[in-house]
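Trainee: This is the content of data-v3.cif (mmCIF, C-alpha atoms):
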```cif
data_input
loop_
_atom_site.label_atom_id
_atom_site.label_comp_id
_atom_site.auth_asym_id
_atom_site.auth_seq_id
_atom_site.Cartn_x
_atom_site.Cartn_y
_atom_site.Cartn_z
CA MET A 1 -11.42 12.16 -134.06
CA ASN A 2 -11.97 14.27 -130.97
CA LYS A 3 -8.77 13.49 -129.13
CA GLN A 4 -9.37 16.56 -126.98
CA MET A 5 -12.78 15.34 -125.97
CA ILE A 6 -11.42 12.07 -124.72
CA GLU A 7 -9.11 13.90 -122.35
CA HIS A 8 -11.80 15.73 -120.47
CA ALA A 9 -14.64 13.20 -120.60
CA ASP A 10 -15.08 9.50 -119.96
CA ILE A 11 -16.46 8.00 -123.14
CA ASP A 12 -16.30 4.47 -124.56
CA THR A 13 -14.62 4.58 -127.98
CA GLU A 14 -17.22 2.26 -129.50
CA LEU A 15 -19.99 4.72 -128.65
CA ILE A 16 -18.32 7.70 -130.29
CA PRO A 17 -19.65 7.04 -133.83
CA ILE A 18 -23.24 7.07 -132.51
CA LEU A 19 -22.79 10.17 -130.36
CA ASP A 20 -21.06 11.90 -133.23
CA LYS A 21 -24.27 11.73 -135.28
CA VAL A 22 -26.16 13.86 -132.76
CA SER A 23 -25.82 17.55 -133.47
CA ASP A 24 -26.52 20.61 -131.39
CA PRO A 25 -30.08 21.69 -132.32
CA GLU A 26 -29.15 25.40 -132.11
CA ILE A 27 -25.90 25.05 -134.06
CA PRO A 28 -26.44 22.07 -136.40
CA VAL A 29 -22.87 22.08 -137.77
CA LEU A 30 -21.61 21.12 -134.33
CA THR A 31 -21.93 17.63 -132.90
CA ILE A 32 -22.56 17.27 -129.19
CA LEU A 33 -19.08 15.77 -128.89
CA ASP A 34 -17.56 18.86 -130.48
CA MET A 35 -19.51 20.98 -128.01
CA GLY A 36 -18.16 18.96 -125.09
CA VAL A 37 -21.56 18.49 -123.45
CA VAL A 38 -21.19 14.70 -123.20
CA ARG A 39 -19.35 13.99 -119.94
CA TYR A 40 -19.68 10.26 -119.72
CA ALA A 41 -20.82 7.42 -121.95
CA LYS A 42 -20.36 3.78 -121.03
CA LEU A 43 -22.01 0.52 -121.87
CA VAL A 44 -22.90 -1.20 -118.58
CA ASP A 45 -24.93 -4.43 -118.62
CA ASP A 46 -26.60 -3.77 -121.99
CA VAL A 47 -27.55 -0.21 -121.04
CA VAL A 48 -25.72 2.84 -122.29
CA LEU A 49 -25.26 5.24 -119.39
CA ILE A 50 -24.80 8.82 -120.48
CA LYS A 51 -24.15 12.02 -118.59
CA ILE A 52 -24.60 15.36 -120.28
CA THR A 53 -24.01 18.84 -118.91
CA PRO A 54 -25.72 22.07 -120.00
CA THR A 55 -23.74 24.88 -121.63
CA TYR A 56 -25.92 27.46 -119.86
CA SER A 57 -28.41 26.63 -117.05
CA GLY A 58 -31.37 27.83 -119.08
CA CYS A 59 -30.29 26.25 -122.35
CA PRO A 60 -33.53 25.02 -123.95
CA ALA A 61 -31.52 22.72 -126.22
CA MET A 62 -30.74 20.26 -123.42
CA ASP A 63 -34.11 18.50 -123.54
CA VAL A 64 -33.87 18.18 -127.31
CA ILE A 65 -30.31 16.87 -127.06
CA ALA A 66 -31.40 14.25 -124.54
CA ASP A 67 -34.24 13.17 -126.86
CA ASP A 68 -31.90 13.04 -129.86
CA ILE A 69 -29.38 10.91 -127.97
CA THR A 70 -32.13 8.50 -126.93
CA THR A 71 -33.33 8.21 -130.52
CA ALA A 72 -29.81 7.69 -131.89
CA PHE A 73 -29.04 4.86 -129.47
CA LYS A 74 -32.43 3.20 -129.90
CA LYS A 75 -31.85 3.16 -133.64
CA ALA A 76 -28.49 1.52 -133.03
CA GLY A 77 -30.21 -1.10 -130.86
CA TYR A 78 -29.17 0.08 -127.40
CA LYS A 79 -31.10 0.87 -124.26
CA VAL A 80 -30.06 4.24 -122.91
CA ASN A 81 -30.22 6.09 -119.63
CA ILE A 82 -29.39 9.81 -119.58
CA ASP A 83 -28.48 11.93 -116.58
CA LEU A 84 -28.00 15.68 -116.44
CA VAL A 85 -24.96 16.68 -114.39
CA LEU A 86 -23.94 20.19 -113.31
CA THR A 87 -20.44 19.59 -112.07
CA PRO A 88 -17.81 20.16 -113.29
CA ALA A 89 -19.48 23.12 -114.96
CA TRP A 90 -19.19 23.30 -118.73
CA THR A 91 -16.54 25.58 -120.18
CA THR A 92 -15.89 26.77 -123.73
CA ASP A 93 -12.46 25.09 -123.39
CA TRP A 94 -14.24 21.80 -124.04
CA ILE A 95 -15.24 22.82 -127.55
CA SER A 96 -12.97 20.76 -129.80
CA GLU A 97 -10.67 22.17 -132.50
CA GLU A 98 -13.00 20.68 -135.12
CA GLY A 99 -15.87 22.40 -133.33
CA ARG A 100 -14.13 25.77 -133.36
CA ASP A 101 -13.45 25.48 -137.09
CA ALA A 102 -17.04 24.44 -137.75
CA LEU A 103 -18.33 27.40 -135.75
CA GLU A 104 -16.25 29.85 -137.73
CA LYS A 105 -17.30 28.40 -141.09
CA TYR A 106 -20.91 28.56 -139.93
CA GLY A 107 -20.57 32.30 -139.21
CA ILE A 108 -20.06 32.24 -135.46
CA ALA A 109 -16.71 33.54 -134.20
CA PRO A 110 -15.24 30.98 -131.76
CA PRO A 111 -14.54 32.00 -128.13
CA LEU A 112 -11.33 33.86 -127.27
CA GLU A 113 -9.31 33.29 -124.10
CA ALA A 114 -10.87 34.67 -120.90
CA GLU A 115 -8.91 37.93 -120.68
CA ALA A 116 -9.21 38.69 -124.39
CA ASP A 117 -12.91 37.86 -124.18
CA LYS A 118 -13.39 40.45 -121.45
CA ASP A 119 -11.60 43.10 -123.51
CA ALA A 120 -13.73 42.26 -126.53
CA LEU A 121 -17.02 42.34 -124.62
CA LEU A 122 -16.22 45.60 -122.89
CA GLY A 123 -15.33 47.09 -126.25
CA ASN A 124 -11.73 47.83 -125.11
CA LYS A 125 -9.99 46.04 -127.96
CA LYS A 126 -10.89 45.08 -131.50
CA ILE A 127 -9.86 41.44 -131.53
CA VAL A 128 -12.87 39.41 -132.62
CA LYS A 129 -12.30 38.30 -136.20
CA CYS A 130 -15.12 38.81 -138.69
CA THR A 131 -16.38 35.42 -139.88
CA ASN A 132 -17.13 36.85 -143.31
CA CYS A 133 -13.95 38.75 -144.31
CA GLY A 134 -11.48 38.01 -141.50
CA SER A 135 -10.99 41.64 -140.50
CA GLN A 136 -10.46 42.46 -136.84
CA ASN A 137 -12.00 45.87 -137.30
CA THR A 138 -15.20 44.75 -135.58
CA ASN A 139 -17.51 46.33 -133.01
CA LEU A 140 -19.59 44.89 -130.21
CA VAL A 141 -23.28 45.48 -130.89
CA SER A 142 -24.71 43.61 -127.91
CA GLN A 143 -23.22 41.54 -125.09
CA PHE A 144 -26.16 39.17 -125.49
CA GLY A 145 -27.12 37.62 -128.81
CA SER A 146 -29.64 35.24 -130.32
CA THR A 147 -28.91 32.62 -127.64
CA ALA A 148 -27.47 32.87 -124.13
CA CYS A 149 -24.04 31.69 -125.28
CA LYS A 150 -23.49 34.34 -127.93
CA ALA A 151 -22.80 38.07 -128.27
CA LEU A 152 -23.53 40.15 -131.37
CA PHE A 153 -20.77 41.86 -133.35
CA GLN A 154 -20.58 43.81 -136.59
CA CYS A 155 -17.66 44.13 -139.00
CA GLU A 156 -16.68 47.72 -139.79
CA ASP A 157 -15.03 46.70 -143.07
CA CYS A 158 -17.60 44.46 -144.75
CA GLN A 159 -20.53 45.55 -142.53
CA GLU A 160 -21.49 41.92 -141.87
CA PRO A 161 -23.22 41.35 -138.51
CA PHE A 162 -22.19 38.08 -136.85
CA ASP A 163 -22.40 36.12 -133.61
CA TYR A 164 -19.48 35.63 -131.26
CA PHE A 165 -19.47 32.59 -128.96
CA LYS A 166 -18.73 34.00 -125.51
CA CYS A 167 -15.95 32.52 -123.42
CA LEU A 168 -17.29 30.64 -120.40
CA LYS A 169 -14.78 29.55 -117.78
CA MET B 170 -43.88 38.13 -88.02
CA LYS B 171 -43.46 34.41 -87.65
CA GLU B 172 -41.24 32.49 -89.96
CA GLU B 173 -43.03 29.26 -89.18
CA ILE B 174 -45.76 30.67 -91.36
CA ILE B 175 -44.21 28.86 -94.28
CA ASN B 176 -44.50 25.50 -92.63
CA SER B 177 -47.70 25.59 -90.69
CA ALA B 178 -50.17 28.36 -91.45
CA PHE B 179 -51.36 26.96 -94.76
CA SER B 180 -52.18 23.54 -96.00
CA SER B 181 -49.94 23.78 -99.00
CA PRO B 182 -51.20 22.51 -102.34
CA LEU B 183 -47.77 20.94 -102.67
CA GLY B 184 -48.59 18.32 -100.07
CA LYS B 185 -46.85 17.54 -96.82
CA MET B 186 -43.90 19.81 -96.23
CA PRO B 187 -40.60 18.38 -95.02
CA LYS B 188 -39.81 18.91 -91.35
CA GLY B 189 -36.67 19.31 -89.28
CA GLN B 190 -33.29 19.59 -90.99
CA LYS B 191 -34.80 18.72 -94.36
CA GLY B 192 -37.45 21.39 -93.92
CA LEU B 193 -34.78 23.98 -93.17
CA LEU B 194 -32.76 23.03 -96.23
CA TYR B 195 -35.93 23.09 -98.33
CA ASN B 196 -36.79 26.59 -97.13
CA TYR B 197 -33.22 27.71 -97.62
CA ILE B 198 -33.24 26.55 -101.24
CA LEU B 199 -36.53 28.33 -101.93
CA GLY B 200 -35.06 31.47 -100.35
CA ILE B 201 -32.36 31.45 -103.00
CA ALA B 202 -34.46 30.28 -105.93
CA ASP B 203 -37.55 32.47 -105.45
CA ASN B 204 -35.40 35.59 -105.94
CA SER B 205 -34.34 34.34 -109.35
CA LEU B 206 -37.83 33.16 -110.31
CA ILE B 207 -39.52 36.47 -109.57
CA LEU B 208 -36.74 38.57 -111.08
CA GLY B 209 -36.78 36.30 -114.13
CA GLN B 210 -40.54 36.79 -114.44
CA ARG B 211 -40.15 40.58 -114.17
CA LEU B 212 -37.53 40.54 -116.93
CA GLY B 213 -39.71 38.24 -119.00
CA GLU B 214 -42.41 40.94 -119.01
CA LEU B 215 -40.01 42.96 -121.14
CA CYS B 216 -39.86 40.37 -123.91
CA GLY B 217 -40.71 42.33 -127.03
CA HIS B 218 -40.98 45.55 -124.99
CA GLY B 219 -37.32 46.38 -124.33
CA PRO B 220 -36.19 49.92 -125.15
CA SER B 221 -34.07 48.62 -128.04
CA LEU B 222 -33.61 45.27 -129.72
CA GLU B 223 -30.23 44.65 -128.08
CA THR B 224 -31.39 45.45 -124.53
CA ASP B 225 -34.57 43.47 -125.12
CA ILE B 226 -32.51 40.41 -126.06
CA ALA B 227 -30.07 40.97 -123.20
CA LEU B 228 -32.78 41.25 -120.54
CA THR B 229 -34.62 38.17 -121.74
CA ASN B 230 -31.30 36.28 -121.97
CA ILE B 231 -30.71 37.14 -118.33
CA SER B 232 -34.25 36.02 -117.57
CA LEU B 233 -33.57 32.69 -119.26
CA ASP B 234 -30.37 32.18 -117.26
CA LEU B 235 -32.26 32.86 -114.04
CA PHE B 236 -35.05 30.42 -114.96
CA GLY B 237 -32.45 27.79 -115.81
CA GLN B 238 -30.85 28.22 -112.41
CA VAL B 239 -34.27 28.13 -110.77
CA ARG B 240 -35.00 24.77 -112.36
CA SER B 241 -31.90 23.26 -110.78
CA TYR B 242 -32.81 24.66 -107.36
CA TYR B 243 -36.47 23.58 -107.49
CA GLN B 244 -35.57 20.11 -108.80
CA TYR B 245 -33.33 19.73 -105.80
CA ALA B 246 -35.99 21.13 -103.43
CA ALA B 247 -38.57 18.69 -104.83
CA LYS B 248 -36.18 15.81 -104.26
CA ILE B 249 -35.73 16.84 -100.64
CA ALA B 250 -39.46 17.39 -100.07
CA ASN B 251 -40.23 13.98 -101.54
CA ASN B 252 -43.96 14.76 -101.36
CA GLY B 253 -44.94 14.46 -105.00
CA SER B 254 -44.07 18.04 -105.84
CA ASN B 255 -41.78 18.90 -108.75
CA GLU B 256 -40.03 21.94 -110.21
CA ASP B 257 -43.25 23.09 -111.90
CA THR B 258 -45.59 22.73 -108.94
CA ILE B 259 -43.11 24.53 -106.69
CA ALA B 260 -42.88 27.37 -109.19
CA MET B 261 -46.55 27.58 -110.15
CA MET B 262 -48.77 26.27 -107.37
CA ARG B 263 -47.80 28.10 -104.22
CA PRO B 264 -49.94 30.87 -102.73
CA GLU B 265 -48.33 34.29 -102.34
CA ARG B 266 -47.38 33.88 -98.69
CA GLU B 267 -45.24 30.86 -99.48
CA TYR B 268 -42.93 32.78 -101.82
CA VAL B 269 -39.91 33.95 -99.88
CA ASN B 270 -38.17 36.21 -102.39
CA VAL B 271 -36.88 39.60 -101.27
CA LEU B 272 -39.00 42.67 -102.02
CA LEU B 273 -36.33 44.11 -104.33
CA VAL B 274 -36.90 41.60 -107.13
CA GLU B 275 -40.67 42.09 -107.29
CA GLN B 276 -40.48 45.85 -107.85
CA PRO B 277 -42.02 46.86 -111.19
CA ASN B 278 -40.35 47.75 -114.50
CA THR B 279 -41.24 51.42 -114.04
CA ASP B 280 -38.78 52.56 -116.70
CA PHE B 281 -35.45 51.32 -118.07
CA GLY B 282 -33.70 53.09 -115.19
CA TYR B 283 -35.62 51.00 -112.66
CA VAL B 284 -35.00 47.81 -114.63
CA ILE B 285 -31.25 48.44 -114.64
CA ALA B 286 -31.06 49.71 -111.04
CA ARG B 287 -32.98 46.68 -109.75
CA GLN B 288 -30.80 44.35 -111.80
CA PHE B 289 -27.58 46.00 -110.65
CA LEU B 290 -28.52 46.04 -106.95
CA PHE B 291 -29.39 42.35 -107.21
CA ASP B 292 -26.49 41.28 -109.44
CA VAL B 293 -23.82 42.64 -107.09
CA TYR B 294 -25.41 40.65 -104.27
CA HIS B 295 -26.06 37.57 -106.40
CA PHE B 296 -22.47 37.39 -107.62
CA MET B 297 -21.06 37.70 -104.09
CA PHE B 298 -23.56 35.17 -102.76
CA LEU B 299 -22.76 32.56 -105.42
CA THR B 300 -19.03 33.08 -104.96
CA GLU B 301 -19.47 31.89 -101.37
CA LEU B 302 -22.08 29.23 -102.12
CA GLN B 303 -19.52 27.43 -104.30
CA SER B 304 -17.83 26.21 -101.13
CA SER B 305 -21.06 25.04 -99.49
CA LYS B 306 -20.85 21.68 -97.76
CA ASP B 307 -23.96 20.72 -99.72
CA GLU B 308 -22.61 19.32 -102.98
CA THR B 309 -25.69 20.05 -105.06
CA LEU B 310 -25.88 23.68 -103.98
CA ALA B 311 -22.15 24.08 -104.60
CA ALA B 312 -22.56 22.58 -108.09
CA ILE B 313 -25.46 24.88 -108.97
CA ALA B 314 -23.42 27.85 -107.70
CA LYS B 315 -20.39 26.89 -109.79
CA LYS B 316 -22.58 26.69 -112.87
CA SER B 317 -24.59 29.84 -112.19
CA ILE B 318 -21.76 32.17 -111.27
CA LYS B 319 -20.37 32.03 -114.79
CA GLU B 320 -23.69 33.34 -116.08
CA VAL B 321 -24.17 35.86 -113.32
CA SER B 322 -20.77 37.41 -114.00
CA TYR B 323 -22.18 38.40 -117.41
CA HIS B 324 -25.32 39.82 -115.78
CA LEU B 325 -23.23 41.90 -113.41
CA ARG B 326 -21.07 43.19 -116.22
CA PHE B 327 -24.16 44.15 -118.23
CA SER B 328 -25.96 45.98 -115.43
CA SER B 329 -22.81 47.73 -114.13
CA ASP B 330 -22.05 48.89 -117.64
CA TRP B 331 -25.54 50.36 -118.04
CA ILE B 332 -25.43 52.05 -114.62
CA LYS B 333 -22.36 53.92 -115.85
CA ARG B 334 -23.82 54.69 -119.26
CA LEU B 335 -27.04 56.08 -117.82
CA GLY B 336 -25.43 57.86 -114.88
CA ASP B 337 -22.73 59.42 -117.00
CA GLY B 338 -25.03 59.89 -119.99
CA THR B 339 -27.49 62.70 -120.61
CA GLN B 340 -29.14 64.90 -117.99
CA GLU B 341 -32.35 62.95 -118.41
CA SER B 342 -30.74 59.50 -118.11
CA HIS B 343 -28.75 60.67 -115.08
CA LYS B 344 -31.91 61.93 -113.37
CA ARG B 345 -33.86 58.76 -114.07
CA ILE B 346 -31.22 56.27 -112.95
CA GLN B 347 -30.57 58.34 -109.81
CA ASN B 348 -34.33 58.30 -109.05
CA ALA B 349 -34.45 54.56 -109.49
CA ILE B 350 -31.42 53.95 -107.27
CA ASN B 351 -32.89 56.25 -104.60
CA ASP B 352 -36.26 54.48 -104.72
CA LEU B 353 -34.91 50.93 -104.71
CA TRP B 354 -32.23 51.52 -102.08
CA THR B 355 -34.78 50.88 -99.33
CA TYR B 356 -34.99 47.22 -100.44
CA THR B 357 -31.26 46.45 -100.33
CA ASP B 358 -30.89 45.82 -96.60
CA GLU B 359 -33.31 42.89 -96.73
CA LEU B 360 -30.81 40.93 -98.82
CA PHE B 361 -28.75 40.55 -95.64
CA HIS B 362 -31.55 39.70 -93.20
CA GLN B 363 -31.17 36.16 -92.00
CA THR B 364 -34.14 33.87 -91.50
CA ASP B 365 -34.10 30.91 -89.12
CA ALA B 366 -33.45 28.59 -92.02
CA GLU B 367 -30.52 30.72 -93.14
CA LYS B 368 -28.98 30.86 -89.66
CA LYS B 369 -29.19 27.09 -89.26
CA MET B 370 -27.74 26.48 -92.70
CA ILE B 371 -24.89 28.90 -92.01
CA ALA B 372 -24.14 27.10 -88.77
CA GLY B 373 -24.00 23.83 -90.71
CA ASN B 374 -21.60 25.30 -93.33
CA ILE B 375 -24.24 24.82 -95.99
CA GLY B 376 -25.51 28.38 -96.21
CA VAL B 377 -23.73 31.63 -96.98
CA ASP B 378 -23.18 34.02 -94.09
CA THR B 379 -24.66 37.03 -95.84
CA LEU B 380 -23.90 39.39 -92.94
CA LYS B 381 -20.24 39.04 -93.78
CA LEU B 382 -20.97 40.23 -97.33
CA LYS B 383 -22.88 43.35 -96.37
CA GLU B 384 -20.01 45.80 -96.01
CA THR B 385 -18.34 44.71 -99.23
CA TYR B 386 -21.71 44.85 -101.00
CA TYR B 387 -22.27 48.50 -100.17
CA HIS B 388 -18.64 49.23 -100.94
CA ASN B 389 -18.85 47.60 -104.39
CA VAL B 390 -22.18 49.21 -105.21
CA SER B 391 -20.91 52.64 -104.13
CA GLU B 392 -17.80 52.29 -106.23
CA ILE B 393 -19.80 51.73 -109.43
CA LEU B 394 -22.24 54.51 -108.52
CA ASN B 395 -19.32 56.88 -108.04
CA GLN B 396 -17.88 55.92 -111.41
CA ALA B 397 -21.32 56.59 -112.88
CA THR B 398 -21.30 60.10 -111.30
CA LEU B 399 -24.30 59.06 -109.20
CA ASP B 400 -24.92 59.81 -105.53
CA VAL B 401 -24.97 56.98 -103.03
CA PRO B 402 -28.28 57.33 -101.14
CA GLU B 403 -27.94 58.08 -97.46
CA LEU B 404 -31.19 56.41 -96.61
CA LYS B 405 -31.23 54.79 -93.18
CA TYR B 406 -34.60 53.06 -93.09
CA PHE B 407 -35.29 49.90 -95.00
CA GLN B 408 -38.21 47.72 -96.09
CA LYS B 409 -38.43 44.04 -95.30
CA GLY B 410 -40.93 41.20 -95.25
CA GLY B 411 -40.45 39.25 -98.48
CA LYS B 412 -38.37 36.57 -96.79
CA GLN B 413 -41.29 35.97 -94.41
CA GLY B 414 -43.80 35.83 -97.26
CA ILE B 415 -45.15 39.33 -96.60
CA HIS B 416 -44.89 40.94 -100.02
CA SER B 417 -45.55 44.30 -101.62
CA GLU B 418 -48.77 44.87 -103.55
CA HIS B 419 -46.96 44.02 -106.79
CA MET B 420 -46.51 40.38 -105.93
CA GLY B 421 -50.13 39.35 -106.46
CA TYR B 422 -50.09 40.73 -109.99
CA ILE B 423 -46.87 38.92 -110.81
CA LEU B 424 -48.30 35.62 -109.59
CA ALA B 425 -51.60 36.20 -111.38
CA GLU B 426 -49.68 36.23 -114.63
CA LEU B 427 -47.15 33.55 -113.68
CA GLN B 428 -49.78 31.12 -112.45
CA TYR B 429 -52.58 31.94 -114.85
CA MET B 430 -52.45 28.74 -116.92
CA GLN B 431 -52.16 26.40 -113.95
CA ARG B 432 -55.03 28.12 -112.15
CA THR B 433 -57.27 28.18 -115.22
CA TYR B 434 -56.48 24.66 -116.38
CA PRO B 435 -55.22 22.79 -113.30
CA ASN B 436 -52.53 20.19 -114.06
CA MET B 437 -52.29 21.14 -117.70
CA SER B 438 -49.00 20.27 -119.36
CA TRP B 439 -47.38 20.83 -122.73
#
```
Here is a file; write its structure as structure tokens.
Mentor:
Amino acid sequence: MNKQMIEHADIDTELIPILDKVSDPEIPVLTILDMGVVRYAKLVDDVVLIKITPTYSGCPAMDVIADDITTAFKKAGYKVNIDLVLTPAWTTDWISEEGRDALEKYGIAPPLEAEADKDALLGNKKIVKCTNCGSQNTNLVSQFGSTACKALFQCEDCQEPFDYFKCLK
Amino acid sequence: MKEEIINSAFSSPLGKMPKGQKGLLYNYILGIADNSLILGQRLGELCGHGPSLETDIALTNISLDLFGQVRSYYQYAAKIANNGSNEDTIAMMRPEREYVNVLLVEQPNTDFGYVIARQFLFDVYHFMFLTELQSSKDETLAAIAKKSIKEVSYHLRFSSDWIKRLGDGTQESHKRIQNAINDLWTYTDELFHQTDAEKKMIAGNIGVDTLKLKETYYHNVSEILNQATLDVPELKYFQKGGKQGIHSEHMGYILAELQYMQRTYPNMSW
């Protein structure tokens, strides 16, 4: 799985099954690999070296993610050393296809392309698809949602309010 | 006013301050980060008190972004200082005179107009500043800038949008946002004042030459104000002092709240 992820990050294949068990604490249907926050994972002299990058600077989930990674590797019998890196800065492009599908099923509309995202967030175009009924007749309620990475939308057809994962490039 | 005040006039609770080039870089980092810390704290005061649920969430989201950026800056500053300080002690343990944020960010949340005007006047600057900081010779500062600018572009969009909504809204909203812009205008010039640390960092291609941004700043701000049917103030006198640690009366109250736990229970942790 996660062919996309392997293109943009440097991760030992043998470590993928362990990393894939760690989920994002804010969005439990998404693994940290699907999110693209793991930048590097290698086994060097009996120690697993891992680099993770935050989605947003103030993301409170990062500390929890680091703890969860440590626990997962300890359980699997590895020593682990985790570093937080800022560059290259995380982008929503690193969310895998599996991740985007999981987001949508979970009720969070996945990020659009940068230009479309701007149109959606300025309320210029109705292009964000409702996660409940699939209609594009949706309105922006708030540019900021329940977490820094999301905006709040409401569907005009089924009235369902839902989160939209903002594009970050 | 002496800028050396930061280095010498107090025996800082943070321990021995770095000297020379390191000291300049340290002060330069605090000059960037303190703006975000104090503005973040101001926005945090609105948690649960925003005028509507959506704006409440937006303002505290922005606050969280700013605190996140501040952590990266202070972690880096602590590494440079190498005197036992850390991100928390730098944020929580300094006396007022050691904070070098501009006066603009410490101005109170008088009403929603002031909150938005303050945010807008800072966001335009912040976005331009980070755009330049991305090409800093200092890799860590460049990395923080590259990360932060993505977030700040959302802040700028939010505050610009509200400037237009309030300015081009009702008579009352127009009057209030115009009042706020008029009142806060006097604090904008300080954004472009350069301290010794800034000048040295600019010379070393680490810092951003803010003087070069000034004209574009006023141009960009004026453009949005015009779109919002607001008048651009013609004020010619400006307030300064924050960058030298000489703050307005509001600062003490902000710090009293920010530092309360550490002062009441020294060295407490979660």
Trainee: Within 10 Å of chain A, which residues of chain B show up when using all atoms listed in the file, listed as an mmCIF file with C-alpha atoms, keeping the file's coordinate frame?
Mentor:
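This went into part-v8.cif:
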```
data_model
loop_
_atom_site.group_PDB
_atom_site.id
_atom_site.type_symbol
_atom_site.label_atom_id
_atom_site.label_comp_id
_atom_site.auth_asym_id
_atom_site.auth_seq_id
_atom_site.Cartn_x
_atom_site.Cartn_y
_atom_site.Cartn_z
ATOM 1 C CA LEU B 222 -33.610 45.270 -129.720
ATOM 2 C CA GLU B 223 -30.230 44.650 -128.080
ATOM 3 C CA THR B 224 -31.390 45.450 -124.530
ATOM 4 C CA ASP B 225 -34.570 43.470 -125.120
ATOM 5 C CA ILE B 226 -32.510 40.410 -126.060
ATOM 6 C CA ALA B 227 -30.070 40.970 -123.200
ATOM 7 C CA LEU B 228 -32.780 41.250 -120.540
ATOM 8 C CA THR B 229 -34.620 38.170 -121.740
ATOM 9 C CA ASN B 230 -31.300 36.280 -121.970
ATOM 10 C CA ILE B 231 -30.710 37.140 -118.330
ATOM 11 C CA SER B 232 -34.250 36.020 -117.570
ATOM 12 C CA LEU B 233 -33.570 32.690 -119.260
ATOM 13 C CA ASP B 234 -30.370 32.180 -117.260
ATOM 14 C CA LEU B 235 -32.260 32.860 -114.040
ATOM 15 C CA PHE B 236 -35.050 30.420 -114.960
ATOM 16 C CA GLY B 237 -32.450 27.790 -115.810
ATOM 17 C CA GLN B 238 -30.850 28.220 -112.410
ATOM 18 C CA VAL B 239 -34.270 28.130 -110.770
ATOM 19 C CA ARG B 240 -35.000 24.770 -112.360
ATOM 20 C CA SER B 241 -31.900 23.260 -110.780
ATOM 21 C CA GLU B 308 -22.610 19.320 -102.980
ATOM 22 C CA THR B 309 -25.690 20.050 -105.060
ATOM 23 C CA ALA B 311 -22.150 24.080 -104.600
ATOM 24 C CA ALA B 312 -22.560 22.580 -108.090
ATOM 25 C CA ILE B 313 -25.460 24.880 -108.970
ATOM 26 C CA ALA B 314 -23.420 27.850 -107.700
ATOM 27 C CA LYS B 315 -20.390 26.890 -109.790
ATOM 28 C CA LYS B 316 -22.580 26.690 -112.870
ATOM 29 C CA SER B 317 -24.590 29.840 -112.190
ATOM 30 C CA ILE B 318 -21.760 32.170 -111.270
ATOM 31 C CA LYS B 319 -20.370 32.030 -114.790
ATOM 32 C CA GLU B 320 -23.690 33.340 -116.080
ATOM 33 C CA SER B 322 -20.770 37.410 -114.000
ATOM 34 C CA TYR B 323 -22.180 38.400 -117.410
ATOM 35 C CA HIS B 324 -25.320 39.820 -115.780
ATOM 36 C CA ARG B 326 -21.070 43.190 -116.220
ATOM 37 C CA PHE B 327 -24.160 44.150 -118.230
ATOM 38 C CA ASP B 330 -22.050 48.890 -117.640
#
```
Trainee: Using the chain letters and numbers from this file, what does the PyMOL selection byres ((chain B and resi 253) around 12) select? Give the answer as a PDB file with C-alpha atoms, in the frame of the given file.
Mentor:
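Generated output (selection-v4.pdb):
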```pdb
ATOM      1  CA  PRO B 182     -51.200  22.510-102.340  1.00  0.00           C
ATOM      2  CA  LEU B 183     -47.770  20.940-102.670  1.00  0.00           C
ATOM      3  CA  GLY B 184     -48.590  18.320-100.070  1.00  0.00           C
ATOM      4  CA  LYS B 185     -46.850  17.540 -96.820  1.00  0.00           C
ATOM      5  CA  MET B 186     -43.900  19.810 -96.230  1.00  0.00           C
ATOM      6  CA  PRO B 187     -40.600  18.380 -95.020  1.00  0.00           C
ATOM      7  CA  GLN B 244     -35.570  20.110-108.800  1.00  0.00           C
ATOM      8  CA  ALA B 246     -35.990  21.130-103.430  1.00  0.00           C
ATOM      9  CA  ALA B 247     -38.570  18.690-104.830  1.00  0.00           C
ATOM     10  CA  LYS B 248     -36.180  15.810-104.260  1.00  0.00           C
ATOM     11  CA  ILE B 249     -35.730  16.840-100.640  1.00  0.00           C
ATOM     12  CA  ALA B 250     -39.460  17.390-100.070  1.00  0.00           C
ATOM     13  CA  ASN B 251     -40.230  13.980-101.540  1.00  0.00           C
ATOM     14  CA  ASN B 252     -43.960  14.760-101.360  1.00  0.00           C
ATOM     15  CA  SER B 254     -44.070  18.040-105.840  1.00  0.00           C
ATOM     16  CA  ASN B 255     -41.780  18.900-108.750  1.00  0.00           C
ATOM     17  CA  GLU B 256     -40.030  21.940-110.210  1.00  0.00           C
ATOM     18  CA  ASP B 257     -43.250  23.090-111.900  1.00  0.00           C
ATOM     19  CA  THR B 258     -45.590  22.730-108.940  1.00  0.00           C
ATOM     20  CA  ILE B 259     -43.110  24.530-106.690  1.00  0.00           C
TER      21      ILE B 259
END
```
Trainee: Hey, can I get the axis-aligned box for stretch 342-349 of chain B? All listed atoms, 3 Å padding on each side, centre and edge lengths in Å to one decimal, as JSON.
Mentor:
```
{"center_x": -31.6, "center_y": 58.2, "center_z": -113.6, "size_x": 11.7, "size_y": 13.4, "size_z": 15.1}
```
Trainee: For the structure provided, state which residues fall under the PyMOL selection byres ((chain B and resi 364) around 12), and present them as JSON, numbers by chain.
Mentor: {"B": [170, 171, 172, 173, 175, 193, 194, 196, 197, 200, 201, 269, 270, 271, 359, 360, 361, 362, 363, 365, 366, 367, 368, 369, 370, 371, 376, 377, 378, 379, 380, 409, 410, 411, 412, 413, 414]}
Trainee: So which residues get picked by the PyMOL selection byres ((chain B and resi 274-276) around 9) here, written as a PyMOL selection string?
Mentor: chain B and resi 204-205+207-211+270-273+277-279+283-284+287-288+291+353+356+416-417+419-420+423
